[in-house]
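Structure file run_4.txt; described as compact mmCIF, C-alpha atoms.
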```
# COMPACT_ATOMS: atom_id res chain seq x y z
CA MET A 238 0.00 0.00 0.00
CA ALA A 239 1.36 3.39 -0.96
CA ASP A 240 2.48 5.69 1.82
CA ARG A 241 0.05 8.37 0.68
CA SER A 242 -2.89 6.01 1.12
CA LEU A 243 -1.53 5.00 4.50
CA VAL A 244 -1.49 8.62 5.65
CA HIS A 245 -4.97 9.25 4.25
CA ILE A 246 -6.26 6.27 6.23
CA ALA A 247 -4.60 7.51 9.40
CA PHE A 248 -5.99 11.03 8.98
CA TYR A 249 -9.50 9.81 8.40
CA ALA A 250 -9.27 7.65 11.51
CA ALA A 251 -8.16 10.79 13.37
CA LEU A 252 -11.11 12.69 11.88
CA ILE A 253 -13.57 10.05 13.13
CA ALA A 254 -11.95 10.37 16.55
CA ALA A 255 -12.38 14.16 16.45
CA LEU A 256 -16.05 13.77 15.55
CA GLY A 257 -16.52 11.84 18.79
CA LEU A 258 -16.01 15.16 20.57
CA VAL A 259 -18.97 16.82 18.89
CA PRO A 260 -21.63 16.85 21.60
CA PRO A 261 -24.58 14.59 20.78
CA VAL A 262 -27.65 16.43 19.56
CA ALA A 263 -31.00 15.32 20.95
CA ILE A 264 -33.71 15.89 18.39
CA PRO A 265 -37.03 16.52 20.12
CA PHE A 266 -39.30 15.30 17.32
CA LEU A 267 -37.36 12.05 17.25
CA GLY A 268 -38.17 11.32 20.87
CA GLY A 269 -35.00 12.95 22.19
CA VAL A 270 -32.74 10.08 21.12
CA PRO A 271 -29.22 11.53 21.00
CA ILE A 272 -27.51 11.42 17.63
CA THR A 273 -23.73 11.54 17.52
CA ALA A 274 -21.51 12.76 14.73
CA GLN A 275 -19.29 9.70 14.87
CA THR A 276 -21.31 7.41 12.61
CA LEU A 277 -21.43 10.34 10.21
CA GLY A 278 -17.65 10.03 10.11
CA VAL A 279 -17.97 6.33 9.34
CA MET A 280 -20.30 7.02 6.41
CA LEU A 281 -18.01 9.80 5.14
CA ALA A 282 -14.92 7.60 5.36
CA GLY A 283 -16.38 5.23 2.77
CA ILE A 284 -17.89 7.99 0.64
CA MET A 285 -14.70 10.05 0.55
CA LEU A 286 -11.92 7.46 0.54
CA GLY A 287 -13.49 4.58 -1.35
CA PRO A 288 -14.03 1.00 -0.24
CA VAL A 289 -10.58 -0.25 0.79
CA ARG A 290 -9.14 2.90 2.30
CA GLY A 291 -12.48 3.84 3.89
CA GLY A 292 -12.90 0.42 5.47
CA LEU A 293 -9.30 0.40 6.68
CA ALA A 294 -9.65 3.90 8.17
CA VAL A 295 -12.60 2.73 10.30
CA LEU A 296 -10.76 -0.47 11.20
CA LEU A 297 -7.73 1.54 12.30
CA PHE A 298 -9.98 3.79 14.37
CA LEU A 299 -11.48 0.75 16.11
CA PHE A 300 -8.01 -0.71 16.64
CA LEU A 301 -7.00 2.42 18.52
CA VAL A 302 -10.16 2.23 20.60
CA ALA A 303 -9.27 -1.38 21.45
CA LEU A 304 -5.75 -0.33 22.45
CA GLY A 305 -7.31 2.02 24.98
CA ALA A 306 -7.84 5.36 23.23
CA PRO A 307 -11.08 7.00 24.48
CA PHE A 308 -12.14 7.98 20.98
CA LEU A 309 -15.74 6.77 20.95
CA ALA A 310 -18.47 9.35 21.53
CA GLY A 311 -18.70 10.13 25.23
CA GLY A 312 -15.00 9.42 25.77
CA ARG A 313 -15.44 5.65 25.80
CA GLY A 314 -12.69 3.29 24.77
CA GLY A 315 -10.73 0.23 25.73
CA LEU A 316 -11.54 -3.44 25.42
CA GLY A 317 -14.72 -3.14 27.50
CA VAL A 318 -16.42 -1.48 24.54
CA PHE A 319 -16.01 -4.69 22.57
CA ALA A 320 -17.70 -6.73 25.28
CA SER A 321 -20.76 -4.49 25.30
CA PRO A 322 -24.05 -5.53 23.65
CA SER A 323 -23.57 -2.93 20.92
CA VAL A 324 -20.36 -4.57 19.68
CA GLY A 325 -22.15 -5.74 16.52
CA PHE A 326 -22.60 -2.15 15.40
CA LEU A 327 -18.87 -1.51 15.81
CA ILE A 328 -18.09 -4.62 13.74
CA GLY A 329 -20.54 -3.37 11.13
CA TRP A 330 -18.83 0.03 10.85
CA PRO A 331 -15.79 -0.96 8.73
CA VAL A 332 -17.94 -3.22 6.55
CA GLY A 333 -20.47 -0.39 6.16
CA ALA A 334 -17.72 2.04 5.18
CA PHE A 335 -16.44 -0.49 2.66
CA VAL A 336 -19.89 -0.95 1.12
CA ALA A 337 -20.49 2.82 1.04
CA GLY A 338 -17.20 3.33 -0.77
CA TRP A 339 -17.95 0.52 -3.14
CA ILE A 340 -21.31 2.06 -4.11
CA MET A 341 -19.62 5.45 -4.68
CA ARG A 342 -17.19 3.75 -7.03
CA ALA A 343 -19.90 1.74 -8.77
CA THR A 344 -21.95 4.84 -9.59
CA PRO A 345 -19.42 7.13 -11.27
CA GLY A 346 -21.92 8.94 -13.48
CA MET A 347 -24.46 9.78 -10.79
CA ASN A 348 -24.40 13.17 -9.10
CA ILE A 349 -22.53 13.23 -5.81
CA PHE A 350 -25.55 13.96 -3.61
CA ALA A 351 -27.63 11.02 -4.86
CA SER A 352 -24.72 8.64 -4.96
CA ALA A 353 -23.54 9.61 -1.45
CA ALA A 354 -27.08 9.34 -0.06
CA ILE A 355 -27.48 5.80 -1.40
CA SER A 356 -23.99 4.87 -0.17
CA ALA A 357 -24.66 6.24 3.30
CA ALA A 358 -28.09 4.60 3.55
CA VAL A 359 -26.95 1.16 2.40
CA GLY A 360 -23.47 1.16 3.98
CA GLY A 361 -24.15 3.29 7.03
CA ILE A 362 -27.58 1.94 7.97
CA LEU A 363 -28.44 -1.34 6.25
CA VAL A 364 -25.04 -3.01 6.59
CA VAL A 365 -24.35 -1.63 10.07
CA TYR A 366 -27.71 -2.85 11.41
CA LEU A 367 -27.21 -6.18 9.65
CA PHE A 368 -24.29 -6.69 12.03
CA GLY A 369 -25.62 -4.69 14.94
CA ILE A 370 -28.96 -6.37 15.48
CA PRO A 371 -27.64 -9.98 15.56
CA GLY A 372 -24.92 -8.64 17.88
CA VAL A 373 -27.48 -7.35 20.36
CA ALA A 374 -29.51 -10.56 20.00
CA TYR A 375 -26.46 -12.71 20.73
CA MET A 376 -24.92 -10.68 23.54
CA ALA A 377 -28.24 -10.07 25.32
CA ASN A 378 -29.78 -13.43 24.44
CA LEU A 379 -32.85 -11.81 22.90
CA PRO A 380 -34.82 -12.96 19.84
CA LEU A 381 -33.76 -11.17 16.63
CA GLY A 382 -37.11 -9.40 16.31
CA THR A 383 -36.94 -7.93 19.82
CA ALA A 384 -33.35 -6.84 19.27
CA ALA A 385 -34.42 -5.15 16.03
CA VAL A 386 -37.21 -3.27 17.80
CA GLY A 387 -34.77 -2.18 20.50
CA SER A 388 -32.31 -0.87 17.91
CA ALA A 389 -34.94 0.86 15.80
CA ILE A 390 -34.99 4.00 17.96
CA TYR A 391 -31.71 5.04 16.37
CA ILE A 392 -32.90 4.73 12.78
CA PRO A 393 -34.54 8.18 12.48
CA GLY A 394 -31.31 9.80 13.69
CA ASP A 395 -29.36 7.72 11.20
CA LEU A 396 -31.64 8.87 8.38
CA VAL A 397 -30.83 12.47 9.33
CA LYS A 398 -27.15 11.53 9.09
CA VAL A 399 -27.65 10.08 5.60
CA VAL A 400 -28.92 13.45 4.39
CA LEU A 401 -26.08 15.25 6.17
CA ALA A 402 -23.46 12.87 4.75
CA ALA A 403 -24.79 13.50 1.24
CA LEU A 404 -24.84 17.29 1.78
CA ILE A 405 -21.31 17.23 3.18
CA ALA A 406 -20.00 15.06 0.33
CA GLN A 407 -21.56 17.42 -2.20
CA THR A 408 -20.06 20.49 -0.52
CA ILE A 409 -16.61 18.89 -0.36
CA ALA A 410 -16.80 17.80 -3.99
CA ARG A 411 -17.61 21.38 -4.95
CA GLY A 412 -14.90 22.92 -2.77
CA LEU A 413 -12.10 20.50 -3.57
CA PRO A 414 -12.98 18.10 -6.39
CA GLY A 415 -9.74 16.15 -5.93
CA ALA A 416 -10.89 15.20 -2.43
CA MET A 417 -13.35 12.61 -3.71
CA LEU A 418 -10.75 9.84 -3.64
CA SER A 419 -13.53 7.29 -4.00
CA ARG A 420 -14.20 8.59 -7.48
CA SER A 421 -10.62 8.94 -8.70
CA MET B 1368 -3.86 12.58 27.59
CA ILE B 1369 -5.47 10.21 25.14
CA SER B 1370 -5.76 6.91 26.92
CA ILE B 1371 -8.07 5.37 29.47
CA TYR B 1372 -4.93 3.99 31.12
CA LEU B 1373 -4.82 4.40 34.86
CA GLN B 1374 -1.38 5.28 36.19
CA GLY B 1375 -0.30 2.85 38.87
CA ASP B 1376 1.90 0.01 40.00
CA SER B 1377 -0.52 -2.69 41.13
CA TRP B 1378 -0.10 -6.42 40.53
CA LEU B 1379 -2.34 -6.02 37.48
CA HIS B 1380 -0.09 -3.30 36.07
CA ARG B 1381 2.89 -5.61 36.49
CA THR B 1382 1.24 -8.59 34.78
CA PRO B 1383 2.38 -8.82 31.13
CA ALA B 1384 -0.16 -7.43 28.64
CA GLY B 1385 -0.26 -10.63 26.59
CA LEU B 1386 -1.13 -12.70 29.65
CA LYS B 1387 -3.94 -10.33 30.63
CA LEU B 1388 -5.37 -10.39 27.11
CA LEU B 1389 -5.22 -14.17 27.01
CA ALA B 1390 -6.84 -14.45 30.44
CA VAL B 1391 -9.74 -12.14 29.59
CA ALA B 1392 -10.27 -13.92 26.25
CA VAL B 1393 -10.38 -17.36 27.87
CA ALA B 1394 -12.60 -16.09 30.68
CA SER B 1395 -15.02 -14.57 28.15
CA LEU B 1396 -15.25 -17.83 26.23
CA LEU B 1397 -15.87 -19.77 29.43
CA LEU B 1398 -18.54 -17.32 30.60
CA PHE B 1399 -20.52 -18.01 27.45
CA GLN B 1400 -20.61 -21.70 28.40
CA VAL B 1401 -22.42 -21.16 31.72
CA SER B 1402 -25.76 -19.57 32.46
CA SER B 1403 -26.06 -19.63 36.24
CA ALA B 1404 -26.78 -16.28 37.85
CA PHE B 1405 -24.88 -17.41 40.97
CA ILE B 1406 -21.67 -18.02 39.03
CA PHE B 1407 -21.99 -14.64 37.34
CA ALA B 1408 -22.68 -12.90 40.62
CA ALA B 1409 -19.55 -14.53 42.08
CA CYS B 1410 -17.52 -13.47 39.04
CA LEU B 1411 -18.90 -9.95 39.31
CA ALA B 1412 -17.81 -9.78 42.93
CA ALA B 1413 -14.36 -11.06 41.94
CA VAL B 1414 -13.98 -8.48 39.15
CA VAL B 1415 -15.13 -5.62 41.38
CA GLY B 1416 -12.66 -6.95 43.95
CA CYS B 1417 -9.90 -6.61 41.34
CA TYR B 1418 -10.90 -2.97 40.77
CA ALA B 1419 -10.70 -2.49 44.53
CA THR B 1420 -7.10 -3.77 44.59
CA LEU B 1421 -6.21 -0.83 42.34
CA GLY B 1422 -7.20 1.46 45.16
CA ARG B 1423 -9.59 4.37 45.22
CA SER B 1424 -8.89 5.51 41.66
CA GLY B 1425 -9.61 1.96 40.49
CA LEU B 1426 -13.04 1.99 42.09
CA GLU B 1427 -13.70 5.39 40.54
CA ARG B 1428 -13.34 3.72 37.14
CA LEU B 1429 -16.52 1.77 37.90
CA ALA B 1430 -18.23 5.04 36.98
CA LEU B 1431 -18.32 3.61 33.47
CA LEU B 1432 -21.35 1.68 34.72
CA ARG B 1433 -23.36 4.90 34.86
CA GLY B 1434 -23.45 5.25 31.08
CA LEU B 1435 -23.83 1.52 30.63
CA SER B 1436 -26.75 1.12 33.03
CA VAL B 1437 -29.20 2.75 30.61
CA LEU B 1438 -28.33 0.30 27.85
CA LEU B 1439 -28.39 -2.72 30.14
CA GLY B 1440 -31.65 -1.47 31.68
CA VAL B 1441 -33.25 -1.24 28.25
CA LEU B 1442 -32.12 -4.79 27.45
CA LEU B 1443 -33.56 -6.09 30.70
CA LEU B 1444 -36.77 -4.22 29.90
CA LEU B 1445 -36.89 -5.93 26.50
CA HIS B 1446 -36.50 -9.28 28.27
CA TRP B 1447 -39.30 -8.36 30.66
CA VAL B 1448 -41.58 -7.34 27.79
CA SER B 1449 -40.88 -10.64 26.01
CA GLY B 1450 -41.71 -12.48 29.25
CA THR B 1451 -38.19 -13.80 29.79
CA PHE B 1452 -37.19 -11.55 32.69
CA TRP B 1453 -35.58 -14.33 34.74
CA GLU B 1454 -33.57 -15.54 31.77
CA GLY B 1455 -32.52 -11.94 31.18
CA VAL B 1456 -31.02 -11.41 34.63
CA PRO B 1457 -28.05 -13.82 34.25
CA VAL B 1458 -27.47 -12.53 30.71
CA ILE B 1459 -27.18 -8.96 31.93
CA LEU B 1460 -24.92 -10.09 34.79
CA ARG B 1461 -22.70 -11.88 32.29
CA LEU B 1462 -22.44 -8.74 30.16
CA LEU B 1463 -21.47 -6.75 33.25
CA VAL B 1464 -18.71 -9.21 34.10
CA LEU B 1465 -17.43 -9.31 30.49
CA ILE B 1466 -17.36 -5.53 30.14
CA LEU B 1467 -15.77 -4.86 33.52
CA ALA B 1468 -13.13 -7.56 33.02
CA ALA B 1469 -12.19 -6.32 29.54
CA ASN B 1470 -12.09 -2.74 30.78
CA LEU B 1471 -9.87 -3.80 33.67
CA VAL B 1472 -7.24 -4.98 31.18
CA SER B 1473 -7.40 -1.67 29.33
CA ILE B 1474 -7.03 0.56 32.37
CA THR B 1475 -4.04 -1.40 33.67
CA THR B 1476 -2.13 -1.71 30.40
CA ARG B 1477 -0.22 1.06 28.70
CA MET B 1478 -1.12 1.55 25.03
CA ASP B 1479 2.47 0.91 23.96
CA ASP B 1480 2.50 -2.42 25.79
CA MET B 1481 -0.89 -3.34 24.36
CA LEU B 1482 0.34 -2.57 20.84
CA GLU B 1483 3.48 -4.61 21.42
CA ALA B 1484 1.42 -7.55 22.70
CA VAL B 1485 -0.76 -7.66 19.57
CA MET B 1486 2.02 -6.94 17.04
CA PRO B 1487 2.58 -10.68 16.37
CA LEU B 1488 -0.98 -10.71 14.96
CA PHE B 1489 0.26 -8.53 12.09
CA LYS B 1490 2.97 -11.03 11.13
CA PRO B 1491 0.74 -12.59 8.43
CA LEU B 1492 0.94 -9.27 6.55
CA GLU B 1493 4.55 -10.12 5.78
CA TRP B 1494 3.53 -13.31 4.01
CA VAL B 1495 1.72 -11.23 1.42
CA GLY B 1496 4.64 -8.84 1.08
CA LEU B 1497 3.43 -6.02 3.35
CA SER B 1498 5.36 -4.66 6.28
CA ALA B 1499 3.98 -5.59 9.69
CA ARG B 1500 5.28 -2.22 10.87
CA LYS B 1501 2.81 -0.25 8.80
CA PRO B 1502 -0.07 -0.71 11.26
CA ALA B 1503 2.21 0.57 14.03
CA LEU B 1504 3.07 3.61 11.92
CA CYS B 1505 -0.64 4.24 11.34
CA VAL B 1506 -1.33 4.01 15.06
CA ALA B 1507 1.42 6.54 15.72
CA LEU B 1508 0.00 8.88 13.09
CA VAL B 1509 -3.52 8.73 14.54
CA LEU B 1510 -2.28 9.29 18.08
CA ARG B 1511 -0.33 12.30 16.90
CA PHE B 1512 -3.00 13.84 14.71
CA ALA B 1513 -6.28 13.02 16.44
CA PRO B 1514 -5.67 15.70 19.11
CA TYR B 1515 -4.68 18.07 16.32
CA MET B 1516 -7.90 17.43 14.42
CA MET B 1517 -9.86 17.96 17.63
CA GLN B 1518 -8.08 21.27 18.08
CA ILE B 1519 -8.95 22.35 14.53
CA LEU B 1520 -12.56 21.34 15.07
CA SER B 1521 -12.91 23.28 18.31
CA ARG B 1522 -11.27 26.35 16.77
CA MET B 1523 -13.70 26.16 13.85
CA ARG B 1524 -16.60 25.81 16.27
CA GLU B 1525 -15.53 28.89 18.19
CA ALA B 1526 -15.29 30.90 14.98
CA TYR B 1527 -18.67 29.63 13.86
CA GLN B 1528 -20.21 30.50 17.21
CA ALA B 1529 -18.77 34.00 17.03
CA ARG B 1530 -20.26 34.50 13.58
CA THR B 1531 -23.68 32.95 14.04
CA GLY B 1532 -24.33 32.39 17.75
CA ALA B 1533 -25.14 28.76 17.04
CA LYS B 1534 -22.87 26.19 18.68
CA ASN B 1535 -22.87 23.38 16.19
CA SER B 1536 -23.60 22.84 12.59
CA TRP B 1537 -22.98 20.19 10.00
CA LYS B 1538 -21.56 23.05 7.92
CA LEU B 1539 -18.33 22.70 9.90
CA LEU B 1540 -17.71 19.21 8.60
CA PRO B 1541 -16.90 19.88 4.92
CA PRO B 1542 -14.07 22.33 5.72
CA LEU B 1543 -12.87 19.96 8.44
CA ALA B 1544 -12.72 17.05 5.99
CA ILE B 1545 -10.98 19.20 3.38
CA GLN B 1546 -8.40 20.40 5.91
CA CYS B 1547 -7.91 16.81 6.96
CA LEU B 1548 -7.16 15.66 3.41
CA ARG B 1549 -4.92 18.66 2.68
CA MET B 1550 -2.93 18.11 5.83
CA SER B 1551 -2.59 14.41 5.15
CA ASP B 1552 -1.09 15.22 1.74
CA ASN B 1553 1.51 17.38 3.46
CA VAL B 1554 2.31 14.66 5.95
CA ALA B 1555 2.56 12.11 3.14
CA ASP B 1556 5.09 14.36 1.41
CA ALA B 1557 7.03 14.75 4.64
CA LEU B 1558 7.03 11.00 5.13
CA GLN B 1559 8.25 10.46 1.59
CA ALA B 1560 11.01 13.01 2.03
CA ARG B 1561 12.23 11.00 5.00
CA GLY B 1562 12.44 7.77 3.05
CA GLY B 1563 8.84 6.61 3.30
CA SER B 1564 7.39 4.07 5.72
CA GLU B 1565 9.86 1.45 4.51
CA GLY B 1566 12.69 3.82 5.36
CA LEU B 1567 11.27 4.19 8.84
CA SER B 1568 10.99 0.46 9.30
CA GLY B 1569 14.77 0.25 9.31
CA GLN B 1570 14.78 1.90 12.71
CA ALA B 1571 14.75 -0.12 15.87
CA ASP B 1572 11.45 1.20 17.15
CA ILE B 1573 8.66 3.41 15.93
CA PRO B 1574 7.50 5.66 18.75
CA THR B 1575 3.78 5.37 19.39
CA GLY B 1576 3.25 8.90 20.55
CA PRO B 1577 3.62 10.37 23.98
CA ARG B 1578 3.30 8.00 26.88
CA ALA B 1579 0.21 8.44 28.96
CA VAL B 1580 0.85 10.17 32.23
```
Show me, as structure tokens, the structure contained in the file I just sent.
Amino acid sequence: MADRSLVHIAFYAALIAALGLVPPVAIPFLGGVPITAQTLGVMLAGIMLGPVRGGLAVLLFLFLVALGAPFLAGGRGGLGVFASPSVGFLIGWPVGAFVAGWIMRATPGMNIFASAAISAAVGGILVVYLFGIPGVAYMANLPLGTAAVGSAIYIPGDLVKVVLAALIAQTIARGLPGAMLSRS
Amino acid sequence: MISIYLQGDSWLHRTPAGLKLLAVAVASLLLFQVSSAFIFAACLAAVVGCYATLGRSGLERLALLRGLSVLLGVLLLLHWVSGTFWEGVPVILRLLVLILAANLVSITTRMDDMLEAVMPLFKPLEWVGLSARKPALCVALVLRFAPYMMQILSRMREAYQARTGAKNSWKLLPPLAIQCLRMSDNVADALQARGGSEGLSGQADIPTGPRAV
């Protein structure tokens, strides 16, 4: 892997860590469920860097969390995070970023907003929940359906993030076209 | 600054990182084989006892349960709604033990030692012609630049607040991402000028950032 890609991966992992500091926003009409900026970073990693680099950036971020860096939203970190019932979502993150990047690459003709929205929805929601819900079901010994209902409260917030990810990707593409590494 | 490591010199701090990791992995596997609430309660007492041996600051780290209690409470509620409350209790206890035990390893192991303990896992990279040192370099880069990115973000938020009065906006993220990519290009150039990551791998040891104090 080229050194430049290596540094891009590291910087994106650092960016996801920085996003953990953004205070969670509770949206009243969504029942006050807090939404954090961190999963937005996961979606953007795939959309901006492409499948391999995006997935590796998220993986590197999680590796640092496992080593003990308190980079997750709320200052959480360490191995305990990976023993928690939400571990499935964390496992889904790098795969989701990979899928998001892959969709960006597979839709080169589409405008950035539409392409990024689809990438974020499929990679950032569908794939992540595909790992997250069985994770909750296994760790908490609940039936899949119940685990899905329990996780569903976060979906409205995630839909907001899909729109934001698409808006952000579009703004970046306009400001610095070379930044869309997933498309180059 | 950036570690959940707890400074100290307890018996757990002195135990090698690899041994602690192995112990917590084996214990986790074993815990999934049993389902008795009494065993879990005993394990919970043992783990909390281990926190107590770290002294007062060790017990303070149990504060992590505050944030966790909501999640575990919701899960227990889901069990209660599905009519499996009494099957839910040992499951929640097991999660508590798993999380506290894993966290115990993290707060008593320095990040450098943790990285060193898992480095052998990257050996397979060499079989496909990649350097096993590259992950270590990446870790060093993130540890160096994550605080920097946080600084940039907070500076941008202050400027934004001064202009608009609002504290937060998604509008801060595009310039943040652009700055991030620009800066990473500069760092990539700097790395190349110093012989690239392969050049670095000739050195005895890649520093993994400042040690936690």
* Find the residues around Ala1513 (chain B) up to 10 Å (all atoms listed in the file counted), leave out those fewer than 3 positions away in its own chain, and share them as a PyMOL selection string. => (chain A and resi 247-256+308) or (chain B and resi 1369+1508-1510+1516-1519)
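Comparing the minimum interatomic distances between chain B and each of A:Val365, A:Ile392, A:Ile355, A:Ala374, counting all atoms listed in the file, we find that A:Ala374 sits nearest.
Around His1380 (chain B), within 9 Å and counting all atoms listed in the file, the residues found are Gln1374, Gly1375, Asp1376, Ser1377, Pro1383, Ala1384, Val1472, Ile1474, Thr1475, Thr1476 and Arg1477 of chain B, once anything fewer than 3 positions away on its own chain is removed.
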* What's the 9 Å shell around Gly291 (chain A), counting all atoms listed in the file, without same-chain residues fewer than 5 positions away, as a list of chain:residue names? -> A:Ile246, A:Tyr249, A:Val279, A:Met280, A:Leu281, A:Ala282, A:Gly283, A:Ile284, A:Met285, A:Leu286, A:Leu296, A:Pro331, A:Ala334, A:Phe335, A:Ala337, A:Gly338, A:Ser419
Output the contact residues of chain B with respect to chain A at a cut-off of 7 Å, based on all atoms listed in the file, as an mmCIF file with C-alpha atoms, in the frame of the given file.
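After the write, part.cif holds the following:
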```
data_model
loop_
_atom_site.group_PDB
_atom_site.id
_atom_site.type_symbol
_atom_site.label_atom_id
_atom_site.label_comp_id
_atom_site.auth_asym_id
_atom_site.auth_seq_id
_atom_site.Cartn_x
_atom_site.Cartn_y
_atom_site.Cartn_z
ATOM 1 C CA ILE B 1369 -5.470 10.210 25.140
ATOM 2 C CA SER B 1370 -5.760 6.910 26.920
ATOM 3 C CA ILE B 1371 -8.070 5.370 29.470
ATOM 4 C CA TYR B 1372 -4.930 3.990 31.120
ATOM 5 C CA LEU B 1442 -32.120 -4.790 27.450
ATOM 6 C CA LEU B 1445 -36.890 -5.930 26.500
ATOM 7 C CA HIS B 1446 -36.500 -9.280 28.270
ATOM 8 C CA VAL B 1458 -27.470 -12.530 30.710
ATOM 9 C CA ILE B 1459 -27.180 -8.960 31.930
ATOM 10 C CA LEU B 1462 -22.440 -8.740 30.160
ATOM 11 C CA LEU B 1465 -17.430 -9.310 30.490
ATOM 12 C CA ILE B 1466 -17.360 -5.530 30.140
ATOM 13 C CA LEU B 1467 -15.770 -4.860 33.520
ATOM 14 C CA ALA B 1469 -12.190 -6.320 29.540
ATOM 15 C CA ASN B 1470 -12.090 -2.740 30.780
ATOM 16 C CA SER B 1473 -7.400 -1.670 29.330
ATOM 17 C CA MET B 1478 -1.120 1.550 25.030
ATOM 18 C CA MET B 1481 -0.890 -3.340 24.360
ATOM 19 C CA LEU B 1482 0.340 -2.570 20.840
ATOM 20 C CA CYS B 1505 -0.640 4.240 11.340
ATOM 21 C CA VAL B 1506 -1.330 4.010 15.060
ATOM 22 C CA LEU B 1508 0.000 8.880 13.090
ATOM 23 C CA VAL B 1509 -3.520 8.730 14.540
ATOM 24 C CA PHE B 1512 -3.000 13.840 14.710
ATOM 25 C CA ALA B 1513 -6.280 13.020 16.440
ATOM 26 C CA MET B 1516 -7.900 17.430 14.420
ATOM 27 C CA MET B 1517 -9.860 17.960 17.630
ATOM 28 C CA TRP B 1537 -22.980 20.190 10.000
ATOM 29 C CA LEU B 1540 -17.710 19.210 8.600
ATOM 30 C CA PRO B 1541 -16.900 19.880 4.920
ATOM 31 C CA ILE B 1545 -10.980 19.200 3.380
ATOM 32 C CA CYS B 1547 -7.910 16.810 6.960
ATOM 33 C CA LEU B 1548 -7.160 15.660 3.410
ATOM 34 C CA SER B 1551 -2.590 14.410 5.150
ATOM 35 C CA ALA B 1555 2.560 12.110 3.140
ATOM 36 C CA GLY B 1563 8.840 6.610 3.300
ATOM 37 C CA SER B 1564 7.390 4.070 5.720
#
```
* CA of Ala1468 (chain B) to CA of Phe1407 (chain B), distance in Å rounded to a single decimal ->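 Distance reported for this atom pair: 12.1 Å.
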* To do: Excluding Ile340 (chain A) and residues on its chain fewer than 2 positions from it, collect all residues at most 9 Å away from it, counting all atoms listed in the file, and give them as a VMD selection string.
  => chain A and resid 284 287 to 288 335 to 338 342 to 345 352 to 353 355 to 356 359 to 360
* Asked: Between A:Ala403, A:Leu363, A:Ile370, A:Ile272, which one has atoms that come closest to Val332 (chain A), using only C-alpha atoms?
  -> A:Leu363
* To do: Could you jot down the CA of Glu1525 (chain B) to CA of Gly1434 (chain B) separation for me, Å, one decimal place?
  =>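 Between CA of Glu1525 (chain B) and CA of Gly1434 (chain B) the gap works out to 28.1 Å.
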* Option closest in space to Ala1503 (chain B), from B:Leu1543, B:Leu1520, B:Ala1484, B:Leu1438 [counting all atoms listed in the file] ->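 Looking only at the distances to Ala1503 (chain B), the closest residue turns out to be B:Ala1484.
You will find CA of Gly372 (chain A) at 7.3 Å from CA of Phe326 (chain A).
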